[in-house]
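Novice: What follows is data.cif, mmCIF, C-alpha atoms and all ligand atoms.
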data_final
#
loop_
_atom_site.group_PDB
_atom_site.id
_atom_site.type_symbol
_atom_site.label_atom_id
_atom_site.label_comp_id
_atom_site.auth_asym_id
_atom_site.auth_seq_id
_atom_site.Cartn_x
_atom_site.Cartn_y
_atom_site.Cartn_z
ATOM 1 C CA MET A 1 37.636 -78.178 -79.477
ATOM 2 C CA GLN A 2 37.445 -76.926 -75.975
ATOM 3 C CA LYS A 3 40.180 -74.303 -76.330
ATOM 4 C CA LYS A 4 38.743 -72.275 -79.199
ATOM 5 C CA PRO A 5 35.694 -70.807 -77.508
ATOM 6 C CA THR A 6 37.762 -69.996 -74.425
ATOM 7 C CA TYR A 7 40.337 -68.265 -76.581
ATOM 8 C CA GLU A 8 37.631 -66.370 -78.450
ATOM 9 C CA LYS A 9 36.041 -65.389 -75.216
ATOM 10 C CA LEU A 10 39.353 -64.184 -73.945
ATOM 11 C CA GLU A 11 39.870 -62.184 -77.116
ATOM 12 C CA GLN A 12 36.402 -60.713 -76.746
ATOM 13 C CA ARG A 13 37.069 -59.805 -73.149
ATOM 14 C CA ILE A 14 40.354 -58.126 -74.096
ATOM 15 C CA GLN A 15 38.569 -56.088 -76.728
ATOM 16 C CA GLU A 16 35.903 -55.099 -74.200
ATOM 17 C CA LEU A 17 38.569 -54.072 -71.743
ATOM 18 C CA GLU A 18 40.316 -52.061 -74.427
ATOM 19 C CA ARG A 19 37.096 -50.299 -75.320
ATOM 20 C CA GLU A 20 36.449 -49.667 -71.629
ATOM 21 C CA ALA A 21 39.956 -48.235 -71.260
ATOM 22 C CA VAL A 22 39.348 -45.885 -74.194
ATOM 23 C CA ARG A 23 36.023 -44.793 -72.674
ATOM 24 C CA GLN A 24 37.668 -44.200 -69.336
ATOM 25 C CA LYS A 25 40.448 -42.199 -70.914
ATOM 26 C CA LYS A 26 37.918 -40.052 -72.736
ATOM 27 C CA ALA A 27 35.958 -39.539 -69.505
ATOM 28 C CA GLU A 28 39.154 -38.595 -67.656
ATOM 29 C CA GLU A 29 40.033 -36.151 -70.406
ATOM 30 C CA ALA A 30 36.541 -34.599 -70.245
ATOM 31 C CA LEU A 31 36.803 -34.363 -66.454
ATOM 32 C CA ARG A 32 40.202 -32.704 -66.711
ATOM 33 C CA LYS A 33 38.815 -30.201 -69.239
ATOM 34 C CA ASN A 34 35.794 -29.498 -67.019
ATOM 35 C CA LYS A 35 38.012 -28.970 -63.997
ATOM 36 C CA LYS A 36 40.181 -26.583 -65.985
ATOM 37 C CA MET A 37 37.123 -24.686 -67.192
ATOM 38 C CA LEU A 38 35.739 -24.481 -63.642
ATOM 39 C CA ALA A 39 39.041 -23.132 -62.373
ATOM 40 C CA GLU A 40 39.063 -20.561 -65.160
ATOM 41 C CA VAL A 41 35.477 -19.501 -64.402
ATOM 42 C CA ALA A 42 36.312 -19.242 -60.688
ATOM 43 C CA ALA A 43 39.353 -17.098 -61.473
ATOM 44 C CA LYS A 44 37.284 -14.889 -63.804
ATOM 45 C CA ASN A 45 34.606 -14.558 -61.106
ATOM 46 C CA GLU A 46 37.188 -13.526 -58.587
ATOM 47 C CA GLU A 47 38.624 -11.028 -61.034
ATOM 48 C CA LEU A 48 35.144 -9.620 -61.655
ATOM 49 C CA ASP A 49 34.490 -9.377 -57.927
ATOM 50 C CA SER A 50 37.633 -7.423 -57.286
ATOM 51 C CA PHE A 51 36.878 -5.224 -60.320
ATOM 52 C CA VAL A 52 33.391 -4.495 -58.950
ATOM 53 C CA TYR A 53 34.920 -3.797 -55.558
ATOM 54 C CA ARG A 54 37.500 -1.367 -56.966
ATOM 55 C CA VAL A 55 35.069 0.484 -59.207
ATOM 56 C CA SER A 56 32.376 0.847 -56.544
ATOM 57 C CA HIS A 57 34.952 1.849 -53.981
ATOM 58 C CA ASP A 58 36.396 4.534 -56.290
ATOM 59 C CA LEU A 59 32.928 5.832 -57.192
ATOM 60 C CA LYS A 60 32.264 6.622 -53.556
ATOM 61 C CA SER A 61 34.504 9.647 -53.389
ATOM 62 C CA PRO A 62 33.037 11.610 -56.360
ATOM 63 C CA ILE A 63 29.608 10.932 -54.914
ATOM 64 C CA VAL A 64 30.644 12.434 -51.601
ATOM 65 C CA THR A 65 31.948 15.452 -53.546
ATOM 66 C CA ILE A 66 28.688 15.905 -55.475
ATOM 67 C CA ASP A 67 26.676 15.559 -52.287
ATOM 68 C CA GLY A 68 28.903 18.057 -50.507
ATOM 69 C CA PHE A 69 28.593 20.692 -53.230
ATOM 70 C CA VAL A 70 24.827 20.247 -53.470
ATOM 71 C CA GLY A 71 24.757 21.021 -49.742
ATOM 72 C CA ALA A 72 27.051 24.017 -50.235
ATOM 73 C CA LEU A 73 24.883 25.336 -53.080
ATOM 74 C CA ARG A 74 21.801 25.109 -50.866
ATOM 75 C CA GLU A 75 23.502 26.794 -47.954
ATOM 76 C CA ASP A 76 25.361 29.582 -49.755
ATOM 77 C CA PHE A 77 22.998 30.297 -52.639
ATOM 78 C CA GLY A 78 19.698 28.932 -51.341
ATOM 79 C CA ASP A 79 18.105 32.359 -51.047
ATOM 80 C CA VAL A 80 18.999 33.458 -54.572
ATOM 81 C CA LEU A 81 17.895 30.209 -56.218
ATOM 82 C CA LEU A 82 14.482 30.184 -57.856
ATOM 83 C CA GLU A 83 12.033 27.391 -57.098
ATOM 84 C CA ASP A 84 13.156 25.446 -60.156
ATOM 85 C CA GLY A 85 16.743 25.649 -58.920
ATOM 86 C CA HIS A 86 15.726 24.021 -55.634
ATOM 87 C CA LYS A 87 13.776 21.388 -57.546
ATOM 88 C CA TYR A 88 16.860 20.523 -59.625
ATOM 89 C CA LEU A 89 18.974 20.243 -56.492
ATOM 90 C CA ARG A 90 16.429 17.810 -55.074
ATOM 91 C CA TYR A 91 16.640 15.718 -58.252
ATOM 92 C CA ILE A 92 20.426 15.649 -57.956
ATOM 93 C CA SER A 93 20.203 14.657 -54.275
ATOM 94 C CA ASP A 94 17.730 11.848 -55.059
ATOM 95 C CA ALA A 95 19.941 10.533 -57.828
ATOM 96 C CA VAL A 96 22.990 10.685 -55.567
ATOM 97 C CA ARG A 97 21.107 8.770 -52.876
ATOM 98 C CA LYS A 98 20.156 6.042 -55.362
ATOM 99 C CA MET A 99 23.711 5.805 -56.614
ATOM 100 C CA GLU A 100 24.942 5.522 -53.050
ATOM 101 C CA LEU A 101 22.546 2.649 -52.333
ATOM 102 C CA LEU A 102 23.585 0.866 -55.512
ATOM 103 C CA ILE A 103 27.285 1.317 -54.803
ATOM 104 C CA ASN A 104 26.909 0.055 -51.247
ATOM 105 C CA ASP A 105 25.001 -2.984 -52.526
ATOM 106 C CA LEU A 106 27.721 -3.707 -55.072
ATOM 107 C CA LEU A 107 30.425 -3.274 -52.453
ATOM 108 C CA ASP A 108 28.612 -5.671 -50.117
ATOM 109 C CA LEU A 109 28.130 -8.149 -52.938
ATOM 110 C CA SER A 110 31.804 -8.205 -53.816
ATOM 111 C CA ARG A 111 32.784 -8.537 -50.157
ATOM 112 C CA ILE A 112 30.666 -11.554 -49.226
ATOM 113 C CA LYS A 113 32.956 -14.217 -50.623
ATOM 114 C CA ARG A 114 36.192 -12.427 -49.795
ATOM 115 C CA VAL A 115 35.471 -11.492 -46.193
ATOM 116 C CA THR A 116 34.196 -13.869 -43.522
ATOM 117 C CA ARG A 117 32.773 -12.360 -40.363
ATOM 118 C CA LYS A 118 32.603 -13.973 -36.964
ATOM 119 C CA LYS A 119 30.101 -16.815 -36.711
ATOM 120 C CA THR A 120 27.955 -17.200 -33.606
ATOM 121 C CA GLY A 121 24.911 -19.124 -32.479
ATOM 122 C CA PHE A 122 21.813 -16.955 -32.068
ATOM 123 C CA SER A 123 18.028 -17.068 -31.916
ATOM 124 C CA PHE A 124 16.471 -16.928 -35.373
ATOM 125 C CA ALA A 125 13.218 -15.613 -33.866
ATOM 126 C CA ARG A 126 15.078 -12.690 -32.274
ATOM 127 C CA LEU A 127 16.747 -11.877 -35.581
ATOM 128 C CA VAL A 128 13.419 -11.873 -37.439
ATOM 129 C CA LYS A 129 11.846 -9.661 -34.770
ATOM 130 C CA ASP A 130 14.743 -7.179 -34.899
ATOM 131 C CA VAL A 131 14.465 -6.943 -38.683
ATOM 132 C CA LEU A 132 10.679 -6.579 -38.541
ATOM 133 C CA LYS A 133 10.923 -3.669 -36.122
ATOM 134 C CA ALA A 134 12.620 -1.527 -38.763
ATOM 135 C CA LEU A 135 10.046 -2.588 -41.373
ATOM 136 C CA GLN A 136 6.978 -1.732 -39.247
ATOM 137 C CA PRO A 137 6.093 1.510 -41.100
ATOM 138 C CA GLN A 138 5.775 -0.281 -44.476
ATOM 139 C CA ILE A 139 3.958 -3.236 -42.914
ATOM 140 C CA LYS A 140 1.442 -0.930 -41.239
ATOM 141 C CA ALA A 141 0.984 1.244 -44.315
ATOM 142 C CA ARG A 142 0.006 -1.819 -46.346
ATOM 143 C CA GLY A 143 -2.025 -3.443 -43.571
ATOM 144 C CA ILE A 144 -0.004 -6.659 -43.767
ATOM 145 C CA VAL A 145 -0.488 -9.403 -41.187
ATOM 146 C CA VAL A 146 2.881 -10.947 -40.299
ATOM 147 C CA ASN A 147 2.952 -14.329 -38.652
ATOM 148 C CA ILE A 148 6.165 -15.684 -37.126
ATOM 149 C CA GLN A 149 6.124 -19.363 -36.259
ATOM 150 C CA GLU A 150 6.790 -20.180 -32.624
ATOM 151 C CA ASN A 151 9.804 -22.158 -31.455
ATOM 152 C CA LEU A 152 12.142 -21.122 -34.229
ATOM 153 C CA PRO A 153 15.551 -22.727 -33.627
ATOM 154 C CA VAL A 154 18.912 -21.272 -32.751
ATOM 155 C CA VAL A 155 20.997 -20.855 -35.896
ATOM 156 C CA TYR A 156 24.731 -20.590 -36.434
ATOM 157 C CA GLY A 157 26.347 -18.040 -38.723
ATOM 158 C CA GLU A 158 27.255 -14.437 -39.371
ATOM 159 C CA ARG A 159 24.374 -12.668 -37.609
ATOM 160 C CA ARG A 160 24.526 -9.339 -39.421
ATOM 161 C CA ARG A 161 24.634 -10.987 -42.818
ATOM 162 C CA LEU A 162 21.845 -13.423 -42.024
ATOM 163 C CA GLY A 163 19.914 -10.356 -40.861
ATOM 164 C CA ARG A 164 20.469 -8.965 -44.343
ATOM 165 C CA VAL A 165 19.013 -12.166 -45.818
ATOM 166 C CA VAL A 166 15.882 -11.905 -43.688
ATOM 167 C CA ASP A 167 15.647 -8.160 -44.343
ATOM 168 C CA ASN A 168 15.883 -8.524 -48.131
ATOM 169 C CA LEU A 169 13.382 -11.395 -48.236
ATOM 170 C CA LEU A 170 10.898 -9.565 -46.000
ATOM 171 C CA THR A 171 11.346 -6.290 -47.881
ATOM 172 C CA ASN A 172 10.569 -8.121 -51.124
ATOM 173 C CA ALA A 173 7.549 -9.832 -49.563
ATOM 174 C CA ILE A 174 6.240 -6.396 -48.512
ATOM 175 C CA LYS A 175 7.120 -4.642 -51.782
ATOM 176 C CA TYR A 176 5.525 -7.307 -53.944
ATOM 177 C CA ILE A 177 2.487 -8.116 -51.766
ATOM 178 C CA GLY A 178 0.236 -6.532 -54.409
ATOM 179 C CA LYS A 179 -1.557 -3.209 -54.234
ATOM 180 C CA GLU A 180 -4.984 -4.786 -54.610
ATOM 181 C CA ASN A 181 -4.387 -7.654 -52.176
ATOM 182 C CA PRO A 182 -7.488 -7.871 -49.924
ATOM 183 C CA SER A 183 -5.768 -9.782 -47.093
ATOM 184 C CA PRO A 184 -1.987 -9.307 -47.342
ATOM 185 C CA ARG A 185 -0.093 -11.815 -45.259
ATOM 186 C CA ILE A 186 3.506 -12.871 -44.636
ATOM 187 C CA ASP A 187 4.613 -16.036 -42.822
ATOM 188 C CA VAL A 188 8.084 -16.759 -41.495
ATOM 189 C CA GLY A 189 8.928 -20.219 -40.246
ATOM 190 C CA VAL A 190 10.884 -23.414 -40.476
ATOM 191 C CA GLU A 191 9.873 -26.870 -41.654
ATOM 192 C CA GLU A 192 11.486 -30.247 -42.026
ATOM 193 C CA GLN A 193 12.239 -31.394 -45.580
ATOM 194 C CA ASP A 194 14.123 -34.682 -46.112
ATOM 195 C CA GLY A 195 15.384 -34.562 -42.535
ATOM 196 C CA GLN A 196 16.749 -31.048 -42.983
ATOM 197 C CA LYS A 197 15.655 -27.757 -41.401
ATOM 198 C CA VAL A 198 14.349 -25.450 -44.113
ATOM 199 C CA PHE A 199 13.563 -21.822 -43.289
ATOM 200 C CA PHE A 200 10.961 -19.958 -45.285
ATOM 201 C CA VAL A 201 9.497 -16.524 -45.939
ATOM 202 C CA ARG A 202 6.069 -16.795 -47.553
ATOM 203 C CA ASP A 203 3.844 -14.087 -48.978
ATOM 204 C CA ASN A 204 0.493 -14.093 -50.749
ATOM 205 C CA GLY A 205 1.577 -11.368 -53.162
ATOM 206 C CA ILE A 206 1.946 -10.959 -56.925
ATOM 207 C CA GLY A 207 3.986 -14.144 -57.397
ATOM 208 C CA ILE A 208 6.573 -15.101 -59.999
ATOM 209 C CA GLU A 209 6.385 -17.224 -63.158
ATOM 210 C CA LYS A 210 8.341 -20.455 -63.055
ATOM 211 C CA ARG A 211 10.488 -19.425 -66.030
ATOM 212 C CA ASP A 212 11.830 -16.492 -63.955
ATOM 213 C CA PHE A 213 12.831 -18.514 -60.871
ATOM 214 C CA ASP A 214 16.553 -18.526 -61.784
ATOM 215 C CA LYS A 215 16.610 -15.088 -63.357
ATOM 216 C CA ILE A 216 15.592 -13.192 -60.221
ATOM 217 C CA PHE A 217 18.766 -14.296 -58.401
ATOM 218 C CA GLN A 218 20.932 -12.694 -61.079
ATOM 219 C CA VAL A 219 22.274 -9.220 -60.503
ATOM 220 C CA PHE A 220 20.184 -6.235 -61.749
ATOM 221 C CA GLN A 221 17.248 -8.443 -62.751
ATOM 222 C CA ARG A 222 13.832 -6.988 -61.977
ATOM 223 C CA LEU A 223 10.664 -8.425 -63.482
ATOM 224 C CA PRO A 224 8.183 -6.153 -65.284
ATOM 225 C CA SER A 225 5.489 -7.212 -62.802
ATOM 226 C CA ALA A 226 7.663 -5.866 -59.961
ATOM 227 C CA LYS A 227 8.341 -2.522 -61.600
ATOM 228 C CA LYS A 228 4.601 -1.828 -61.554
ATOM 229 C CA GLN A 229 4.554 -2.407 -57.787
ATOM 230 C CA ALA A 230 7.657 -0.536 -56.731
ATOM 231 C CA ARG A 231 9.761 1.912 -58.684
ATOM 232 C CA GLU A 232 12.543 1.650 -56.137
ATOM 233 C CA GLY A 233 14.921 -1.257 -56.509
ATOM 234 C CA THR A 234 18.130 -2.157 -58.236
ATOM 235 C CA GLY A 235 17.741 -5.907 -58.523
ATOM 236 C CA VAL A 236 20.739 -6.668 -56.325
ATOM 237 C CA GLY A 237 18.812 -7.816 -53.230
ATOM 238 C CA LEU A 238 18.344 -11.485 -54.088
ATOM 239 C CA THR A 239 21.845 -11.775 -55.554
ATOM 240 C CA ILE A 240 23.184 -10.721 -52.149
ATOM 241 C CA VAL A 241 20.810 -13.124 -50.374
ATOM 242 C CA LYS A 242 21.949 -16.066 -52.520
ATOM 243 C CA ARG A 243 25.618 -15.270 -52.020
ATOM 244 C CA ILE A 244 25.246 -15.006 -48.239
ATOM 245 C CA ILE A 245 23.342 -18.291 -48.013
ATOM 246 C CA GLU A 246 25.878 -20.079 -50.223
ATOM 247 C CA HIS A 247 28.699 -18.511 -48.223
ATOM 248 C CA HIS A 248 27.103 -20.223 -45.204
ATOM 249 C CA GLY A 249 27.065 -23.564 -47.026
ATOM 250 C CA GLY A 250 23.295 -23.416 -47.570
ATOM 251 C CA LYS A 251 20.916 -23.385 -50.521
ATOM 252 C CA ILE A 252 18.086 -21.069 -51.536
ATOM 253 C CA TRP A 253 15.141 -21.706 -53.839
ATOM 254 C CA LEU A 254 11.514 -20.750 -54.250
ATOM 255 C CA ILE A 255 8.108 -21.911 -55.214
ATOM 256 C CA SER A 256 5.676 -19.389 -56.562
ATOM 257 C CA GLU A 257 2.645 -18.854 -58.709
ATOM 258 C CA PRO A 258 1.565 -15.581 -60.298
ATOM 259 C CA LYS A 259 -1.224 -13.868 -58.347
ATOM 260 C CA LYS A 260 -1.013 -16.490 -55.563
ATOM 261 C CA GLY A 261 2.252 -15.629 -53.826
ATOM 262 C CA SER A 262 5.812 -16.801 -53.308
ATOM 263 C CA THR A 263 7.708 -18.845 -50.765
ATOM 264 C CA PHE A 264 11.469 -18.430 -50.527
ATOM 265 C CA TYR A 265 13.190 -21.378 -48.829
ATOM 266 C CA PHE A 266 16.738 -21.605 -47.526
ATOM 267 C CA THR A 267 18.912 -23.977 -45.558
ATOM 268 C CA LEU A 268 21.828 -23.278 -43.252
ATOM 269 C CA LYS A 269 24.603 -25.540 -42.058
ATOM 270 C CA ASP A 270 24.664 -26.595 -38.416
ATOM 271 C CA LYS A 271 27.632 -25.486 -36.361
ATOM 272 C CA GLU A 272 30.777 -27.258 -37.586
ATOM 273 C CA ALA A 273 32.034 -29.822 -35.139
HETATM 274 N N1 LIG B 1 8.347 -11.897 -52.903
HETATM 275 C C1 LIG B 1 8.363 -11.606 -54.209
HETATM 276 N N2 LIG B 1 7.214 -11.618 -54.933
HETATM 277 C C2 LIG B 1 7.229 -11.334 -56.261
HETATM 278 N N3 LIG B 1 8.345 -11.015 -56.969
HETATM 279 C C3 LIG B 1 9.503 -11.000 -56.291
HETATM 280 C C4 LIG B 1 9.583 -11.284 -54.896
HETATM 281 N N4 LIG B 1 10.878 -11.187 -54.517
HETATM 282 C C5 LIG B 1 11.564 -10.870 -55.624
HETATM 283 N N5 LIG B 1 10.763 -10.739 -56.692
HETATM 284 C C6 LIG B 1 11.168 -10.436 -58.088
HETATM 285 O O1 LIG B 1 12.569 -10.647 -58.188
HETATM 286 C C7 LIG B 1 13.222 -9.441 -58.605
HETATM 287 C C8 LIG B 1 14.591 -9.360 -57.977
HETATM 288 O O2 LIG B 1 14.486 -9.162 -56.564
HETATM 289 P P1 LIG B 1 15.626 -8.351 -55.821
HETATM 290 O O3 LIG B 1 15.301 -8.309 -54.390
HETATM 291 O O4 LIG B 1 16.923 -8.897 -56.257
HETATM 292 O O5 LIG B 1 15.520 -6.894 -56.479
HETATM 293 P P2 LIG B 1 14.558 -5.672 -56.162
HETATM 294 O O6 LIG B 1 13.677 -5.960 -54.993
HETATM 295 O O7 LIG B 1 13.885 -5.322 -57.435
HETATM 296 O O8 LIG B 1 15.591 -4.515 -55.825
HETATM 297 P P3 LIG B 1 16.572 -4.419 -54.549
HETATM 298 O O9 LIG B 1 17.937 -4.539 -55.115
HETATM 299 O O10 LIG B 1 16.293 -3.079 -53.997
HETATM 300 O O11 LIG B 1 16.232 -5.528 -53.615
HETATM 301 C C9 LIG B 1 12.269 -8.334 -58.190
HETATM 302 O O12 LIG B 1 12.474 -7.158 -58.934
HETATM 303 C C10 LIG B 1 10.925 -8.988 -58.470
HETATM 304 O O13 LIG B 1 10.677 -8.952 -59.848
HETATM 305 MG MG MG B 2 14.637 -6.666 -53.192
#
Could you take the file, read its structure, and then write that structure out as structure tokens?
Ligand SMILES: Nc1ncnc2c1ncn2[C@@H]1O[C@H](COP(=O)(O)OP(=O)(O)OP(=O)(O)O)[C@@H](O)[C@H]1O
Ligand SMILES: [Mg+2]
Specialist:
Amino acid sequence: MQKKPTYEKLEQRIQELEREAVRQKKAEEALRKNKKMLAEVAAKNEELDSFVYRVSHDLKSPIVTIDGFVGALREDFGDVLLEDGHKYLRYISDAVRKMELLINDLLDLSRIKRVTRKKTGFSFARLVKDVLKALQPQIKARGIVVNIQENLPVVYGERRRLGRVVDNLLTNAIKYIGKENPSPRIDVGVEEQDGQKVFFVRDNGIGIEKRDFDKIFQVFQRLPSAKKQAREGTGVGLTIVKRIIEHHGGKIWLISEPKKGSTFYFTLKDKEA
């Protein structure tokens, strides 16, 4: 009498274990498939990066040629060209300039993951101040008050690239501060979140809808609200910012509300031991 339930229990347990083994096998199989897919995506990404690099690199030389001949036309035939002729040359020059900016952005973008520059420790406050110096004309023209928090820490990373991060975030904050903003303001600082240093660039500009939070980090994505504020822009800026931050082992995200403003947050890794 005593043996039967024990035997049944044993049988039950064996069946459970068998089911568990099947589940585990399925999970392992799914994991293997996921890993394979990830590897494929990574390889495709790499392929795309080197394609972008090659194409943008090769586009540089025809652009130099166009630019050179526009200059030659102006110099050698400037006095026989009518006013319209000069106007057309200006249009060509402007278009060439835009193309150059775009190509350089694409080249930078494709380089970030492939090329690592020297990492150093440096003052974040100094970096922000250096970047702001070059942006003074736009800041003044829009009457923006910029507030940099005191006692910003020393950070560790590729200084020039982190300068690019700060530059792109500040340029966006200025560009999208809103034409009708009565008291335009930008804040740069650092705060503690879950025991981690989080840097931020905050503006009280036009803001972004929640549904667009991911979209704006994708390449060539510009929101309609932004196009009304600034015609200039290719939509590569934040893609570069995200890549640089991730290349440094950090994360970037934002909180924002239309008409209230945006705060872009990012983390950086401390110096590796
Ligand atoms: N601070 C901000 N406030 C409101 N919208 C913003 C802000 N920063 C970015 N955006 C939105 O995100 C889009 C993508 O930004 P991103 O910097 O990548 O491109 P861009 O500024 O349009 O062009 P560029 O490549 O010259 O930087 C912008 O076009 C704009 O719609
Ligand atoms: Mg930008």
Novice: Kindly work out which residues sit at most 6 Å from ligand LIG 1 (chain B), using all atoms listed in the file, and give the list as a PyMOL selection string.
Specialist: chain A and resi 172-173+176+205-208+216+221-223+226+233-239+262
Novice: When you draw a straight line from CA of Arg54 in chain A to CA of Lys227 in chain A, how long is it in Å?
Specialist: 29.5 Å
Novice: Report the distance between CA of His248 in chain A and CA of Thr267 in chain A in Å, rounded to one decimal place.
Specialist: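 Distance between the two atoms: 9.0 Å.
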Novice: With all atoms listed in the file counted, which protein, DNA or RNA residues have an atom no more than 12 Å from (26.6, 14.5, -51.0) in the file frame? Please answer as a VMD selection string.
Specialist: chain A and resid 60 to 74 89 to 90 92 to 100
Novice: Using all atoms listed in the file, find the one residue out of A:Asp58, A:Leu170, A:Lys228, A:His247 that sits nearest to ligand MG 2 (chain B).
Specialist: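 Selected residue with least distance to ligand MG 2 (chain B): A:Leu170.
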Novice: Show me, as a PyMOL selection string, the residues that have an atom within 9 Å of Asp187 in chain A when counting all atoms listed in the file, minus same-chain residues fewer than 2 positions from it.
Specialist: chain A and resi 145-149+185+189+200-203+263
Novice: Looking at only C-alpha atoms and all ligand atoms, which of A:Glu83, A:Glu150, A:Glu28, A:Asp105 is the one that sits closest to ligand MG 2 (chain B)?
Specialist: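 Once distances to ligand MG 2 (chain B) are computed over only C-alpha atoms and all ligand atoms, the minimum belongs to A:Asp105.
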Novice: Please identify all polymer residues within 12 Å of Ala141 in chain A, counting all atoms listed in the file, omitting same-chain residues fewer than 2 positions from it, and present them as an MDAnalysis selection string.
Specialist: chainID A and resid 135:139 143:145 174:175 179 184
Novice: Using only C-alpha atoms and all ligand atoms, pick whichever of A:Phe220, A:Ile244, A:Pro258, A:Asp194 has the shortest atom-to-atom distance to ligand MG 2 (chain B).
Specialist: A:Phe220
Novice: Can you work out the spacing between CA of Gly163 in chain A and CA of Glu246 in chain A in Å, to one decimal?
Specialist: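 Distance reported for this atom pair: 14.8 Å.
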Novice: What lies within 12 Å of Glu158 in chain A using all atoms listed in the file, ignoring chain neighbours under 4 positions off, as a VMD selection string?
Specialist: chain A and resid 112 115 to 122 124 127 162 to 165 244 to 245 247 to 249 268 to 269 271
Novice: Could those selected residues go to a file with C-alpha atoms, as a PDB file, in the frame of the given file?
Specialist:
ATOM      1  CA  ILE A 112      30.666 -11.554 -49.226  1.00  0.00           C
ATOM      2  CA  VAL A 115      35.471 -11.492 -46.193  1.00  0.00           C
ATOM      3  CA  THR A 116      34.196 -13.869 -43.522  1.00  0.00           C
ATOM      4  CA  ARG A 117      32.773 -12.360 -40.363  1.00  0.00           C
ATOM      5  CA  LYS A 118      32.603 -13.973 -36.964  1.00  0.00           C
ATOM      6  CA  LYS A 119      30.101 -16.815 -36.711  1.00  0.00           C
ATOM      7  CA  THR A 120      27.955 -17.200 -33.606  1.00  0.00           C
ATOM      8  CA  GLY A 121      24.911 -19.124 -32.479  1.00  0.00           C
ATOM      9  CA  PHE A 122      21.813 -16.955 -32.068  1.00  0.00           C
ATOM     10  CA  PHE A 124      16.471 -16.928 -35.373  1.00  0.00           C
ATOM     11  CA  LEU A 127      16.747 -11.877 -35.581  1.00  0.00           C
ATOM     12  CA  LEU A 162      21.845 -13.423 -42.024  1.00  0.00           C
ATOM     13  CA  GLY A 163      19.914 -10.356 -40.861  1.00  0.00           C
ATOM     14  CA  ARG A 164      20.469  -8.965 -44.343  1.00  0.00           C
ATOM     15  CA  VAL A 165      19.013 -12.166 -45.818  1.00  0.00           C
ATOM     16  CA  ILE A 244      25.246 -15.006 -48.239  1.00  0.00           C
ATOM     17  CA  ILE A 245      23.342 -18.291 -48.013  1.00  0.00           C
ATOM     18  CA  HIS A 247      28.699 -18.511 -48.223  1.00  0.00           C
ATOM     19  CA  HIS A 248      27.103 -20.223 -45.204  1.00  0.00           C
ATOM     20  CA  GLY A 249      27.065 -23.564 -47.026  1.00  0.00           C
ATOM     21  CA  LEU A 268      21.828 -23.278 -43.252  1.00  0.00           C
ATOM     22  CA  LYS A 269      24.603 -25.540 -42.058  1.00  0.00           C
ATOM     23  CA  LYS A 271      27.632 -25.486 -36.361  1.00  0.00           C
TER      24      LYS A 271
END
Novice: Box in all listed atoms of range 139-148 of chain A, axis-aligned, with 5 Å more on each side; write out centre and edge lengths in Å to one decimal as AutoDock Vina command-line options.
Specialist:
--center_x 2.1 --center_y -7.2 --center_z -41.7 --size_x 18.2 --size_y 26.9 --size_z 19.2
Novice: Of the residues A:Phe213, A:Leu82, A:Asp76, A:Arg231, which is the one nearest to Trp253 in chain A, using all atoms listed in the file?
Specialist: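 Residue with the minimum atom-to-atom distance to Trp253 in chain A: A:Phe213.
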Novice: List as an NGL selection string the protein and nucleic acid residues near range 32-48 of chain A, meaning an atom at most 12 Å away when all atoms listed in the file are counted, but skip any in the same chain fewer than 2 places from it.
Specialist: :A and (25-30 or 50-56 or 106 or 109-114)
Novice: In terms of the shortest atom-to-atom distance over only C-alpha atoms and all ligand atoms, which of A:Arg23, A:Lys242, A:Lys260, A:Arg160 is closest to ligand MG 2 (chain B)?
Specialist: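 Closest to ligand MG 2 (chain B), using only C-alpha atoms and all ligand atoms: A:Lys242.
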Novice: Calculated over all atoms listed in the file, which of the candidates A:Phe199, A:Tyr88, A:Phe217, A:Tyr156 has the smallest distance to ligand MG 2 (chain B)?
Specialist: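 Between A:Phe199, A:Tyr88, A:Phe217, A:Tyr156, the residue approaching ligand MG 2 (chain B) most closely is A:Phe217.
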